[in-house]
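Before any comments, here is the structure.
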Amino acid sequence: MRIDVVTIFPEFFDVLDISLLGKARQSGLLDVSAHNLREYTHDRHRTVDDTPYGGGAGMVMKPEPWGEAIDELLGDATPERADASAPLVIFPSPAGEVFTQKMARELAHREHLIFGCGRYEGIDQRVFDHVATRAEVRLVSIGDYVLNGGEVAVMAMIEAIGRLIPGVVGNPESLVEESHEDGLLEYPSYTKPAEWRGLEVPPILLSGNHKAIDAWRREQQLERTRRVRPDLLRAETPEKAETAEA
Ligand SMILES: N#Cc1c(-c2ccc3ccn(Cc4ccc(CN5CCCCC5)cc4)c3c2)n[nH]c1N
């Protein structure tokens with residue numbers, strides 16, 4: 001998978017050279033490049049923002065540098081040639097659809113993702129409108145709180161997507177039993193020692209009875225989800241909600 005990130009803080013993404021994603025990049029599974037939006041300005045001050053039409057606080061990112069940056073990354077992509085290799089352009093935004101594990105799984109199958117990191121009070125709307133004439137565009141939010149820009153959101157999305165690419169995580173089994181993978185929160189985990197500061201590991205986990213352990217873990221998932229995230233039980237499949245109320 002190829003990932004391009006446009007940002008005024010390209011050094012923010014140097015951290016992707018370490019840990020799992022760093023190994024994925026070295027092995028060629030993941031190709032991540034950060035591009036400085038200021039390289040697409042032509043004035044002495046490398047201006048990327050200006051005051052908002054209609055008034056209001058703060059500054060808005062100018063469309064021209066974004067247009068040139070995205071043009072370069074899209075190459076000759078056109079909607080008519082949209083196939084699995086067609087780039088998907090994602091702009092993090094507080095006004096976006098919420099990023100979920102389901103979306104991460106979907107995006108892990110794409111061949112080319114382009115992320116546009118806004119700053120200030122956001123990007124001129126015409127950038128989204130224009131790019132949408134050339135490629136699929138999505139505005140995506142990582143949660144109901146306001147950040148100062150898109151970089152943290154893109155970092156979170158790259159990690160969530162990158163770890164689902166086959167070969168990136170050593171043991172693919174570990175991707176199956178984790179929070180949100182089956183729509184429920186994960187069960188609690190334990191390791192040695194069996195007793196620590198007077199706290200014991202639940203005896204079922206030491207029993208060797210894997211059918212009973214699986215049943216216990218499923219019940220733990222349902223109990224934790226009912227308690228912490230009842231909204232997940234009302235989502236999508238009525239079967240899940242039915243199981244939960246059983
Ligand atoms: N993903 C994600 C995000 C973001 C996110 C993503 C991208 C950018 C680019 C800039 N900012 C900062 C900012 C700050 C205030 C406002 C509010 N409006 C501004 C215009 C007039 C009305 C009010 C917007 C944008 C961003 C924030 N925040 N939270 C998420 N889950």
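Identifiers for the structure tokens are assigned positionally: chains receive A, B, ... in sequence, residues are indexed from 1 per chain, and ligands are indexed from 1 in the order shown.
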Go through the chains and note each residue within 12 Å of ligand 1, using only C-alpha atoms and all ligand atoms, then give the set as a PDB file with N, CA, C and O atoms, in the first residue's frame.
```pdb
ATOM      1  N   THR A   7       0.960  17.892   4.476  1.00  0.00           N
ATOM      2  CA  THR A   7       0.920  18.529   5.794  1.00  0.00           C
ATOM      3  C   THR A   7       1.905  19.688   5.811  1.00  0.00           C
ATOM      4  O   THR A   7       2.842  19.723   5.021  1.00  0.00           O
ATOM      5  N   ILE A   8       1.686  20.663   6.744  1.00  0.00           N
ATOM      6  CA  ILE A   8       2.723  21.708   6.897  1.00  0.00           C
ATOM      7  C   ILE A   8       3.742  21.262   7.943  1.00  0.00           C
ATOM      8  O   ILE A   8       4.688  21.990   8.246  1.00  0.00           O
ATOM      9  N   ASP A  49      -2.358  30.144   4.306  1.00  0.00           N
ATOM     10  CA  ASP A  49      -3.648  30.478   4.950  1.00  0.00           C
ATOM     11  C   ASP A  49      -4.006  31.933   4.711  1.00  0.00           C
ATOM     12  O   ASP A  49      -3.165  32.751   4.320  1.00  0.00           O
ATOM     13  N   THR A  51      -7.541  34.997   5.741  1.00  0.00           N
ATOM     14  CA  THR A  51      -8.717  35.244   6.586  1.00  0.00           C
ATOM     15  C   THR A  51      -9.981  34.644   5.931  1.00  0.00           C
ATOM     16  O   THR A  51     -10.062  34.570   4.706  1.00  0.00           O
ATOM     17  N   PRO A  52     -10.951  34.230   6.751  1.00  0.00           N
ATOM     18  CA  PRO A  52     -12.150  33.576   6.189  1.00  0.00           C
ATOM     19  C   PRO A  52     -13.115  34.564   5.533  1.00  0.00           C
ATOM     20  O   PRO A  52     -13.380  35.646   6.090  1.00  0.00           O
ATOM     21  N   TYR A  53     -13.619  34.250   4.342  1.00  0.00           N
ATOM     22  CA  TYR A  53     -14.720  35.039   3.761  1.00  0.00           C
ATOM     23  C   TYR A  53     -15.899  34.943   4.725  1.00  0.00           C
ATOM     24  O   TYR A  53     -16.152  33.880   5.330  1.00  0.00           O
ATOM     25  N   GLY A  54     -16.632  36.036   4.869  1.00  0.00           N
ATOM     26  CA  GLY A  54     -17.805  36.040   5.759  1.00  0.00           C
ATOM     27  C   GLY A  54     -17.427  36.337   7.195  1.00  0.00           C
ATOM     28  O   GLY A  54     -18.295  36.373   8.082  1.00  0.00           O
ATOM     29  N   GLY A  55     -16.098  36.535   7.440  1.00  0.00           N
ATOM     30  CA  GLY A  55     -15.677  36.873   8.812  1.00  0.00           C
ATOM     31  C   GLY A  55     -15.589  35.638   9.690  1.00  0.00           C
ATOM     32  O   GLY A  55     -15.828  34.514   9.247  1.00  0.00           O
ATOM     33  N   GLY A  56     -15.228  35.849  10.927  1.00  0.00           N
ATOM     34  CA  GLY A  56     -15.060  34.736  11.878  1.00  0.00           C
ATOM     35  C   GLY A  56     -13.633  34.676  12.358  1.00  0.00           C
ATOM     36  O   GLY A  56     -12.732  35.265  11.748  1.00  0.00           O
ATOM     37  N   ALA A  57     -13.443  33.942  13.439  1.00  0.00           N
ATOM     38  CA  ALA A  57     -12.113  33.871  14.069  1.00  0.00           C
ATOM     39  C   ALA A  57     -11.188  32.978  13.251  1.00  0.00           C
ATOM     40  O   ALA A  57     -11.642  32.134  12.467  1.00  0.00           O
ATOM     41  N   GLY A  58      -9.911  33.184  13.418  1.00  0.00           N
ATOM     42  CA  GLY A  58      -8.910  32.283  12.859  1.00  0.00           C
ATOM     43  C   GLY A  58      -8.689  32.456  11.363  1.00  0.00           C
ATOM     44  O   GLY A  58      -9.159  33.422  10.751  1.00  0.00           O
ATOM     45  N   MET A  59      -7.959  31.511  10.798  1.00  0.00           N
ATOM     46  CA  MET A  59      -7.581  31.540   9.387  1.00  0.00           C
ATOM     47  C   MET A  59      -8.028  30.252   8.703  1.00  0.00           C
ATOM     48  O   MET A  59      -8.222  29.225   9.357  1.00  0.00           O
ATOM     49  N   VAL A  60      -8.184  30.363   7.370  1.00  0.00           N
ATOM     50  CA  VAL A  60      -8.574  29.186   6.574  1.00  0.00           C
ATOM     51  C   VAL A  60      -7.434  28.874   5.594  1.00  0.00           C
ATOM     52  O   VAL A  60      -6.774  29.789   5.097  1.00  0.00           O
ATOM     53  N   MET A  61      -7.206  27.582   5.308  1.00  0.00           N
ATOM     54  CA  MET A  61      -6.113  27.214   4.402  1.00  0.00           C
ATOM     55  C   MET A  61      -6.514  27.515   2.965  1.00  0.00           C
ATOM     56  O   MET A  61      -7.607  27.124   2.526  1.00  0.00           O
ATOM     57  N   ILE A  90      -8.381  11.273   1.662  1.00  0.00           N
ATOM     58  CA  ILE A  90      -9.034  11.410   2.967  1.00  0.00           C
ATOM     59  C   ILE A  90      -8.574  12.700   3.642  1.00  0.00           C
ATOM     60  O   ILE A  90      -7.373  12.944   3.791  1.00  0.00           O
ATOM     61  N   PHE A  91      -9.549  13.530   4.038  1.00  0.00           N
ATOM     62  CA  PHE A  91      -9.242  14.745   4.813  1.00  0.00           C
ATOM     63  C   PHE A  91      -9.793  14.566   6.222  1.00  0.00           C
ATOM     64  O   PHE A  91     -11.026  14.441   6.377  1.00  0.00           O
ATOM     65  N   PRO A  92      -8.942  14.512   7.239  1.00  0.00           N
ATOM     66  CA  PRO A  92      -9.470  14.495   8.600  1.00  0.00           C
ATOM     67  C   PRO A  92     -10.256  15.786   8.841  1.00  0.00           C
ATOM     68  O   PRO A  92      -9.843  16.852   8.370  1.00  0.00           O
ATOM     69  N   SER A  93     -11.379  15.672   9.554  1.00  0.00           N
ATOM     70  CA  SER A  93     -12.191  16.855   9.830  1.00  0.00           C
ATOM     71  C   SER A  93     -13.126  16.570  10.995  1.00  0.00           C
ATOM     72  O   SER A  93     -13.684  15.473  11.090  1.00  0.00           O
ATOM     73  N   PRO A  94     -13.356  17.579  11.877  1.00  0.00           N
ATOM     74  CA  PRO A  94     -14.344  17.384  12.949  1.00  0.00           C
ATOM     75  C   PRO A  94     -15.748  17.127  12.382  1.00  0.00           C
ATOM     76  O   PRO A  94     -16.617  16.611  13.042  1.00  0.00           O
ATOM     77  N   ALA A  95     -15.928  17.517  11.106  1.00  0.00           N
ATOM     78  CA  ALA A  95     -17.247  17.358  10.466  1.00  0.00           C
ATOM     79  C   ALA A  95     -17.319  16.057   9.662  1.00  0.00           C
ATOM     80  O   ALA A  95     -18.263  15.850   8.895  1.00  0.00           O
ATOM     81  N   GLY A  96     -16.329  15.178   9.833  1.00  0.00           N
ATOM     82  CA  GLY A  96     -16.285  13.971   9.018  1.00  0.00           C
ATOM     83  C   GLY A  96     -17.072  12.808   9.592  1.00  0.00           C
ATOM     84  O   GLY A  96     -17.516  12.836  10.741  1.00  0.00           O
ATOM     85  N   GLU A  97     -17.224  11.769   8.752  1.00  0.00           N
ATOM     86  CA  GLU A  97     -17.807  10.508   9.257  1.00  0.00           C
ATOM     87  C   GLU A  97     -16.805   9.894  10.233  1.00  0.00           C
ATOM     88  O   GLU A  97     -15.597  10.037  10.061  1.00  0.00           O
ATOM     89  N   VAL A  98     -17.335   9.222  11.281  1.00  0.00           N
ATOM     90  CA  VAL A  98     -16.437   8.718  12.324  1.00  0.00           C
ATOM     91  C   VAL A  98     -15.642   7.511  11.822  1.00  0.00           C
ATOM     92  O   VAL A  98     -16.186   6.582  11.224  1.00  0.00           O
ATOM     93  N   PHE A  99     -14.343   7.553  12.064  1.00  0.00           N
ATOM     94  CA  PHE A  99     -13.434   6.460  11.697  1.00  0.00           C
ATOM     95  C   PHE A  99     -13.691   5.280  12.634  1.00  0.00           C
ATOM     96  O   PHE A  99     -13.702   5.444  13.855  1.00  0.00           O
ATOM     97  N   THR A 100     -13.888   4.092  12.064  1.00  0.00           N
ATOM     98  CA  THR A 100     -14.161   2.897  12.879  1.00  0.00           C
ATOM     99  C   THR A 100     -13.258   1.742  12.430  1.00  0.00           C
ATOM    100  O   THR A 100     -12.604   1.827  11.392  1.00  0.00           O
ATOM    101  N   PHE A 115      -3.710  11.373   2.302  1.00  0.00           N
ATOM    102  CA  PHE A 115      -4.291  12.086   3.439  1.00  0.00           C
ATOM    103  C   PHE A 115      -3.924  13.568   3.338  1.00  0.00           C
ATOM    104  O   PHE A 115      -2.763  13.909   3.099  1.00  0.00           O
ATOM    105  N   GLY A 116      -4.899  14.447   3.548  1.00  0.00           N
ATOM    106  CA  GLY A 116      -4.655  15.889   3.541  1.00  0.00           C
ATOM    107  C   GLY A 116      -4.861  16.446   4.941  1.00  0.00           C
ATOM    108  O   GLY A 116      -5.991  16.485   5.424  1.00  0.00           O
ATOM    109  N   CYS A 117      -3.772  16.865   5.594  1.00  0.00           N
ATOM    110  CA  CYS A 117      -3.870  17.356   6.984  1.00  0.00           C
ATOM    111  C   CYS A 117      -4.090  18.867   6.994  1.00  0.00           C
ATOM    112  O   CYS A 117      -3.177  19.632   6.676  1.00  0.00           O
ATOM    113  N   GLY A 118      -5.304  19.246   7.392  1.00  0.00           N
ATOM    114  CA  GLY A 118      -5.589  20.667   7.543  1.00  0.00           C
ATOM    115  C   GLY A 118      -5.031  21.185   8.864  1.00  0.00           C
ATOM    116  O   GLY A 118      -4.667  20.409   9.747  1.00  0.00           O
ATOM    117  N   ARG A 119      -4.945  22.493   8.945  1.00  0.00           N
ATOM    118  CA  ARG A 119      -4.579  23.174  10.190  1.00  0.00           C
ATOM    119  C   ARG A 119      -5.457  24.416  10.291  1.00  0.00           C
ATOM    120  O   ARG A 119      -6.400  24.580   9.526  1.00  0.00           O
ATOM    121  N   TYR A 120      -5.129  25.307  11.247  1.00  0.00           N
ATOM    122  CA  TYR A 120      -5.899  26.539  11.452  1.00  0.00           C
ATOM    123  C   TYR A 120      -7.378  26.191  11.687  1.00  0.00           C
ATOM    124  O   TYR A 120      -7.669  25.294  12.477  1.00  0.00           O
ATOM    125  N   GLU A 121      -8.312  26.808  10.970  1.00  0.00           N
ATOM    126  CA  GLU A 121      -9.740  26.492  11.140  1.00  0.00           C
ATOM    127  C   GLU A 121     -10.234  25.558  10.040  1.00  0.00           C
ATOM    128  O   GLU A 121     -11.439  25.390   9.859  1.00  0.00           O
ATOM    129  N   GLY A 122      -9.302  24.996   9.285  1.00  0.00           N
ATOM    130  CA  GLY A 122      -9.703  24.071   8.235  1.00  0.00           C
ATOM    131  C   GLY A 122      -9.250  24.510   6.850  1.00  0.00           C
ATOM    132  O   GLY A 122      -8.559  25.510   6.690  1.00  0.00           O
ATOM    133  N   ILE A 123      -9.674  23.767   5.842  1.00  0.00           N
ATOM    134  CA  ILE A 123      -9.279  23.948   4.445  1.00  0.00           C
ATOM    135  C   ILE A 123     -10.459  24.530   3.658  1.00  0.00           C
ATOM    136  O   ILE A 123     -11.613  24.175   3.925  1.00  0.00           O
ATOM    137  N   ASP A 124     -10.167  25.414   2.707  1.00  0.00           N
ATOM    138  CA  ASP A 124     -11.205  25.990   1.824  1.00  0.00           C
ATOM    139  C   ASP A 124     -12.038  24.850   1.217  1.00  0.00           C
ATOM    140  O   ASP A 124     -11.495  23.903   0.624  1.00  0.00           O
ATOM    141  N   GLN A 125     -13.347  24.926   1.342  1.00  0.00           N
ATOM    142  CA  GLN A 125     -14.266  23.860   0.907  1.00  0.00           C
ATOM    143  C   GLN A 125     -14.057  23.476  -0.560  1.00  0.00           C
ATOM    144  O   GLN A 125     -14.267  22.324  -0.957  1.00  0.00           O
ATOM    145  N   ARG A 138     -13.119  11.523   1.068  1.00  0.00           N
ATOM    146  CA  ARG A 138     -13.875  11.320   2.310  1.00  0.00           C
ATOM    147  C   ARG A 138     -13.356  12.269   3.386  1.00  0.00           C
ATOM    148  O   ARG A 138     -12.144  12.428   3.535  1.00  0.00           O
ATOM    149  N   LEU A 139     -14.289  12.897   4.108  1.00  0.00           N
ATOM    150  CA  LEU A 139     -13.944  13.639   5.313  1.00  0.00           C
ATOM    151  C   LEU A 139     -14.168  12.692   6.479  1.00  0.00           C
ATOM    152  O   LEU A 139     -15.269  12.116   6.608  1.00  0.00           O
ATOM    153  N   VAL A 140     -13.151  12.518   7.319  1.00  0.00           N
ATOM    154  CA  VAL A 140     -13.207  11.505   8.369  1.00  0.00           C
ATOM    155  C   VAL A 140     -12.783  12.115   9.704  1.00  0.00           C
ATOM    156  O   VAL A 140     -11.833  12.889   9.773  1.00  0.00           O
ATOM    157  N   SER A 141     -13.550  11.791  10.766  1.00  0.00           N
ATOM    158  CA  SER A 141     -13.234  12.276  12.121  1.00  0.00           C
ATOM    159  C   SER A 141     -12.834  11.091  12.998  1.00  0.00           C
ATOM    160  O   SER A 141     -13.443  10.017  12.907  1.00  0.00           O
ATOM    161  N   ILE A 142     -11.839  11.285  13.875  1.00  0.00           N
ATOM    162  CA  ILE A 142     -11.457  10.171  14.765  1.00  0.00           C
ATOM    163  C   ILE A 142     -12.194  10.250  16.092  1.00  0.00           C
ATOM    164  O   ILE A 142     -11.976   9.432  16.975  1.00  0.00           O
ATOM    165  N   GLY A 143     -13.064  11.254  16.272  1.00  0.00           N
ATOM    166  CA  GLY A 143     -13.820  11.281  17.527  1.00  0.00           C
ATOM    167  C   GLY A 143     -14.427  12.643  17.798  1.00  0.00           C
ATOM    168  O   GLY A 143     -14.054  13.637  17.176  1.00  0.00           O
ATOM    169  N   ASP A 144     -15.345  12.675  18.765  1.00  0.00           N
ATOM    170  CA  ASP A 144     -16.105  13.906  19.030  1.00  0.00           C
ATOM    171  C   ASP A 144     -15.369  14.809  20.010  1.00  0.00           C
ATOM    172  O   ASP A 144     -15.781  14.981  21.158  1.00  0.00           O
ATOM    173  N   TYR A 145     -14.252  15.357  19.537  1.00  0.00           N
ATOM    174  CA  TYR A 145     -13.478  16.348  20.291  1.00  0.00           C
ATOM    175  C   TYR A 145     -12.687  17.121  19.234  1.00  0.00           C
ATOM    176  O   TYR A 145     -12.530  16.646  18.101  1.00  0.00           O
ATOM    177  N   VAL A 146     -12.214  18.295  19.556  1.00  0.00           N
ATOM    178  CA  VAL A 146     -11.561  19.122  18.532  1.00  0.00           C
ATOM    179  C   VAL A 146     -10.046  19.115  18.721  1.00  0.00           C
ATOM    180  O   VAL A 146      -9.543  19.414  19.808  1.00  0.00           O
ATOM    181  N   LEU A 147      -9.327  18.728  17.669  1.00  0.00           N
ATOM    182  CA  LEU A 147      -7.863  18.774  17.680  1.00  0.00           C
ATOM    183  C   LEU A 147      -7.400  20.076  17.014  1.00  0.00           C
ATOM    184  O   LEU A 147      -8.210  20.834  16.485  1.00  0.00           O
ATOM    185  N   ASN A 148      -6.102  20.321  16.974  1.00  0.00           N
ATOM    186  CA  ASN A 148      -5.596  21.550  16.343  1.00  0.00           C
ATOM    187  C   ASN A 148      -5.310  21.371  14.857  1.00  0.00           C
ATOM    188  O   ASN A 148      -4.985  22.319  14.157  1.00  0.00           O
ATOM    189  N   GLY A 149      -5.392  20.138  14.404  1.00  0.00           N
ATOM    190  CA  GLY A 149      -5.103  19.868  12.996  1.00  0.00           C
ATOM    191  C   GLY A 149      -5.299  18.387  12.711  1.00  0.00           C
ATOM    192  O   GLY A 149      -5.661  17.608  13.591  1.00  0.00           O
ATOM    193  N   GLY A 150      -5.028  18.010  11.475  1.00  0.00           N
ATOM    194  CA  GLY A 150      -5.314  16.645  11.067  1.00  0.00           C
ATOM    195  C   GLY A 150      -4.225  15.619  11.318  1.00  0.00           C
ATOM    196  O   GLY A 150      -4.458  14.411  11.169  1.00  0.00           O
ATOM    197  N   GLU A 151      -3.019  16.065  11.707  1.00  0.00           N
ATOM    198  CA  GLU A 151      -1.869  15.137  11.769  1.00  0.00           C
ATOM    199  C   GLU A 151      -2.078  13.998  12.773  1.00  0.00           C
ATOM    200  O   GLU A 151      -1.792  12.823  12.461  1.00  0.00           O
ATOM    201  N   VAL A 152      -2.562  14.308  13.969  1.00  0.00           N
ATOM    202  CA  VAL A 152      -2.755  13.244  14.974  1.00  0.00           C
ATOM    203  C   VAL A 152      -3.775  12.235  14.468  1.00  0.00           C
ATOM    204  O   VAL A 152      -3.617  11.023  14.605  1.00  0.00           O
ATOM    205  N   ALA A 153      -4.828  12.755  13.827  1.00  0.00           N
ATOM    206  CA  ALA A 153      -5.867  11.874  13.282  1.00  0.00           C
ATOM    207  C   ALA A 153      -5.286  10.967  12.201  1.00  0.00           C
ATOM    208  O   ALA A 153      -5.557   9.760  12.161  1.00  0.00           O
ATOM    209  N   VAL A 154      -4.458  11.520  11.318  1.00  0.00           N
ATOM    210  CA  VAL A 154      -3.866  10.713  10.239  1.00  0.00           C
ATOM    211  C   VAL A 154      -2.927   9.662  10.825  1.00  0.00           C
ATOM    212  O   VAL A 154      -2.923   8.511  10.395  1.00  0.00           O
ATOM    213  N   MET A 155      -2.186  10.041  11.851  1.00  0.00           N
ATOM    214  CA  MET A 155      -1.286   9.058  12.491  1.00  0.00           C
ATOM    215  C   MET A 155      -2.102   7.888  13.038  1.00  0.00           C
ATOM    216  O   MET A 155      -1.750   6.718  12.856  1.00  0.00           O
ATOM    217  N   ALA A 156      -3.218   8.205  13.672  1.00  0.00           N
ATOM    218  CA  ALA A 156      -4.079   7.141  14.243  1.00  0.00           C
ATOM    219  C   ALA A 156      -4.634   6.258  13.123  1.00  0.00           C
ATOM    220  O   ALA A 156      -4.618   5.019  13.223  1.00  0.00           O
ATOM    221  N   MET A 157      -5.079   6.872  12.059  1.00  0.00           N
ATOM    222  CA  MET A 157      -5.659   6.092  10.957  1.00  0.00           C
ATOM    223  C   MET A 157      -4.590   5.239  10.271  1.00  0.00           C
ATOM    224  O   MET A 157      -4.831   4.059   9.962  1.00  0.00           O
TER     225      MET A 157
END
```
Produce a table with one row for each residue of segment 49-104 of chain A that has an atom at most 9 Å from any atom of segment 29-41 of chain A, each row naming the nearest atom pair and its distance in Å at one decimal; use only C-alpha atoms; arrange rows by chain and rising residue number; format as a Markdown table.
```
| residue | atom | partner | partner_atom | distance |
| --- | --- | --- | --- | --- |
| A:Glu64 | CA | A:Thr41 | CA | 7.8 |
| A:Pro65 | CA | A:Tyr40 | CA | 4.9 |
| A:Trp66 | CA | A:Leu37 | CA | 7.0 |
| A:Gly67 | CA | A:Tyr40 | CA | 8.7 |
| A:Glu68 | CA | A:Tyr40 | CA | 6.2 |
| A:Ala69 | CA | A:Tyr40 | CA | 6.1 |
```
Selection to disk with N, CA and C atoms, as a PDB file, in the first residue's frame:
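This went into result.pdb:
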```
ATOM      1  N   GLU A  64      -5.105  27.158  -3.362  1.00  0.00           N
ATOM      2  CA  GLU A  64      -4.115  26.950  -4.435  1.00  0.00           C
ATOM      3  C   GLU A  64      -3.023  25.918  -4.091  1.00  0.00           C
ATOM      4  N   PRO A  65      -2.370  26.032  -2.932  1.00  0.00           N
ATOM      5  CA  PRO A  65      -1.302  25.037  -2.646  1.00  0.00           C
ATOM      6  C   PRO A  65      -1.859  23.617  -2.593  1.00  0.00           C
ATOM      7  N   TRP A  66      -3.069  23.488  -2.005  1.00  0.00           N
ATOM      8  CA  TRP A  66      -3.678  22.150  -1.931  1.00  0.00           C
ATOM      9  C   TRP A  66      -3.943  21.597  -3.315  1.00  0.00           C
ATOM     10  N   GLY A  67      -4.434  22.451  -4.202  1.00  0.00           N
ATOM     11  CA  GLY A  67      -4.721  21.996  -5.575  1.00  0.00           C
ATOM     12  C   GLY A  67      -3.475  21.470  -6.246  1.00  0.00           C
ATOM     13  N   GLU A  68      -2.368  22.205  -6.097  1.00  0.00           N
ATOM     14  CA  GLU A  68      -1.122  21.763  -6.759  1.00  0.00           C
ATOM     15  C   GLU A  68      -0.576  20.484  -6.121  1.00  0.00           C
ATOM     16  N   ALA A  69      -0.678  20.394  -4.802  1.00  0.00           N
ATOM     17  CA  ALA A  69      -0.148  19.195  -4.109  1.00  0.00           C
ATOM     18  C   ALA A  69      -0.930  17.951  -4.503  1.00  0.00           C
TER      19      ALA A  69
END
```
> If you run DSSP on this backbone, which residues of segment 121-215 of chain A come out as alpha helix (DSSP H), and could you give them as a ChimeraX atom specification?
Replying inline: /A:125-131,151-162,210-215
Just write the chosen residues, N, CA and C atoms, as a PDB file, in the first residue's frame.
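In the end it all went to again17.pdb:
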```
ATOM      1  N   GLN A 125     -13.347  24.926   1.342  1.00  0.00           N
ATOM      2  CA  GLN A 125     -14.266  23.860   0.907  1.00  0.00           C
ATOM      3  C   GLN A 125     -14.057  23.476  -0.560  1.00  0.00           C
ATOM      4  N   ARG A 126     -13.610  24.451  -1.361  1.00  0.00           N
ATOM      5  CA  ARG A 126     -13.487  24.184  -2.803  1.00  0.00           C
ATOM      6  C   ARG A 126     -12.419  23.133  -3.096  1.00  0.00           C
ATOM      7  N   VAL A 127     -11.500  22.933  -2.145  1.00  0.00           N
ATOM      8  CA  VAL A 127     -10.491  21.869  -2.341  1.00  0.00           C
ATOM      9  C   VAL A 127     -11.191  20.512  -2.370  1.00  0.00           C
ATOM     10  N   PHE A 128     -12.086  20.296  -1.399  1.00  0.00           N
ATOM     11  CA  PHE A 128     -12.809  19.011  -1.348  1.00  0.00           C
ATOM     12  C   PHE A 128     -13.661  18.856  -2.610  1.00  0.00           C
ATOM     13  N   ASP A 129     -14.330  19.964  -2.981  1.00  0.00           N
ATOM     14  CA  ASP A 129     -15.247  19.904  -4.137  1.00  0.00           C
ATOM     15  C   ASP A 129     -14.473  19.622  -5.417  1.00  0.00           C
ATOM     16  N   HIS A 130     -13.303  20.272  -5.567  1.00  0.00           N
ATOM     17  CA  HIS A 130     -12.544  20.080  -6.814  1.00  0.00           C
ATOM     18  C   HIS A 130     -11.927  18.680  -6.871  1.00  0.00           C
ATOM     19  N   VAL A 131     -11.315  18.257  -5.767  1.00  0.00           N
ATOM     20  CA  VAL A 131     -10.647  16.943  -5.792  1.00  0.00           C
ATOM     21  C   VAL A 131     -11.669  15.831  -6.063  1.00  0.00           C
ATOM     22  N   GLU A 151      -3.019  16.065  11.707  1.00  0.00           N
ATOM     23  CA  GLU A 151      -1.869  15.137  11.769  1.00  0.00           C
ATOM     24  C   GLU A 151      -2.078  13.998  12.773  1.00  0.00           C
ATOM     25  N   VAL A 152      -2.562  14.308  13.969  1.00  0.00           N
ATOM     26  CA  VAL A 152      -2.755  13.244  14.974  1.00  0.00           C
ATOM     27  C   VAL A 152      -3.775  12.235  14.468  1.00  0.00           C
ATOM     28  N   ALA A 153      -4.828  12.755  13.827  1.00  0.00           N
ATOM     29  CA  ALA A 153      -5.867  11.874  13.282  1.00  0.00           C
ATOM     30  C   ALA A 153      -5.286  10.967  12.201  1.00  0.00           C
ATOM     31  N   VAL A 154      -4.458  11.520  11.318  1.00  0.00           N
ATOM     32  CA  VAL A 154      -3.866  10.713  10.239  1.00  0.00           C
ATOM     33  C   VAL A 154      -2.927   9.662  10.825  1.00  0.00           C
ATOM     34  N   MET A 155      -2.186  10.041  11.851  1.00  0.00           N
ATOM     35  CA  MET A 155      -1.286   9.058  12.491  1.00  0.00           C
ATOM     36  C   MET A 155      -2.102   7.888  13.038  1.00  0.00           C
ATOM     37  N   ALA A 156      -3.218   8.205  13.672  1.00  0.00           N
ATOM     38  CA  ALA A 156      -4.079   7.141  14.243  1.00  0.00           C
ATOM     39  C   ALA A 156      -4.634   6.258  13.123  1.00  0.00           C
ATOM     40  N   MET A 157      -5.079   6.872  12.059  1.00  0.00           N
ATOM     41  CA  MET A 157      -5.659   6.092  10.957  1.00  0.00           C
ATOM     42  C   MET A 157      -4.590   5.239  10.271  1.00  0.00           C
ATOM     43  N   ILE A 158      -3.398   5.791  10.065  1.00  0.00           N
ATOM     44  CA  ILE A 158      -2.331   5.000   9.427  1.00  0.00           C
ATOM     45  C   ILE A 158      -1.985   3.784  10.286  1.00  0.00           C
ATOM     46  N   GLU A 159      -1.955   3.975  11.603  1.00  0.00           N
ATOM     47  CA  GLU A 159      -1.639   2.823  12.466  1.00  0.00           C
ATOM     48  C   GLU A 159      -2.767   1.791  12.426  1.00  0.00           C
ATOM     49  N   ALA A 160      -4.015   2.265  12.525  1.00  0.00           N
ATOM     50  CA  ALA A 160      -5.159   1.337  12.553  1.00  0.00           C
ATOM     51  C   ALA A 160      -5.278   0.565  11.238  1.00  0.00           C
ATOM     52  N   ILE A 161      -4.985   1.245  10.115  1.00  0.00           N
ATOM     53  CA  ILE A 161      -5.082   0.609   8.800  1.00  0.00           C
ATOM     54  C   ILE A 161      -3.846  -0.264   8.553  1.00  0.00           C
ATOM     55  N   GLY A 162      -2.659   0.316   8.843  1.00  0.00           N
ATOM     56  CA  GLY A 162      -1.405  -0.381   8.539  1.00  0.00           C
ATOM     57  C   GLY A 162      -1.301  -1.730   9.231  1.00  0.00           C
ATOM     58  N   HIS A 210     -10.435 -25.204  27.415  1.00  0.00           N
ATOM     59  CA  HIS A 210     -10.489 -24.088  26.451  1.00  0.00           C
ATOM     60  C   HIS A 210     -11.900 -23.739  26.025  1.00  0.00           C
ATOM     61  N   LYS A 211     -12.803 -24.725  26.078  1.00  0.00           N
ATOM     62  CA  LYS A 211     -14.210 -24.409  25.727  1.00  0.00           C
ATOM     63  C   LYS A 211     -14.795 -23.489  26.799  1.00  0.00           C
ATOM     64  N   ALA A 212     -14.479 -23.826  28.051  1.00  0.00           N
ATOM     65  CA  ALA A 212     -14.996 -23.002  29.168  1.00  0.00           C
ATOM     66  C   ALA A 212     -14.309 -21.627  29.159  1.00  0.00           C
ATOM     67  N   ILE A 213     -13.017 -21.605  28.809  1.00  0.00           N
ATOM     68  CA  ILE A 213     -12.281 -20.328  28.755  1.00  0.00           C
ATOM     69  C   ILE A 213     -12.878 -19.432  27.674  1.00  0.00           C
ATOM     70  N   ASP A 214     -13.162 -20.030  26.507  1.00  0.00           N
ATOM     71  CA  ASP A 214     -13.759 -19.224  25.426  1.00  0.00           C
ATOM     72  C   ASP A 214     -15.109 -18.658  25.857  1.00  0.00           C
ATOM     73  N   ALA A 215     -15.916 -19.503  26.547  1.00  0.00           N
ATOM     74  CA  ALA A 215     -17.249 -19.044  27.005  1.00  0.00           C
ATOM     75  C   ALA A 215     -17.082 -17.906  28.020  1.00  0.00           C
TER      76      ALA A 215
END
```
> So which residues of segment 64-220 of chain A fall under strand (DSSP E) by DSSP, listed as an NGL selection string?
Replying inline: :A and (88-98 or 112-116 or 136-141 or 195-196 or 199-200)
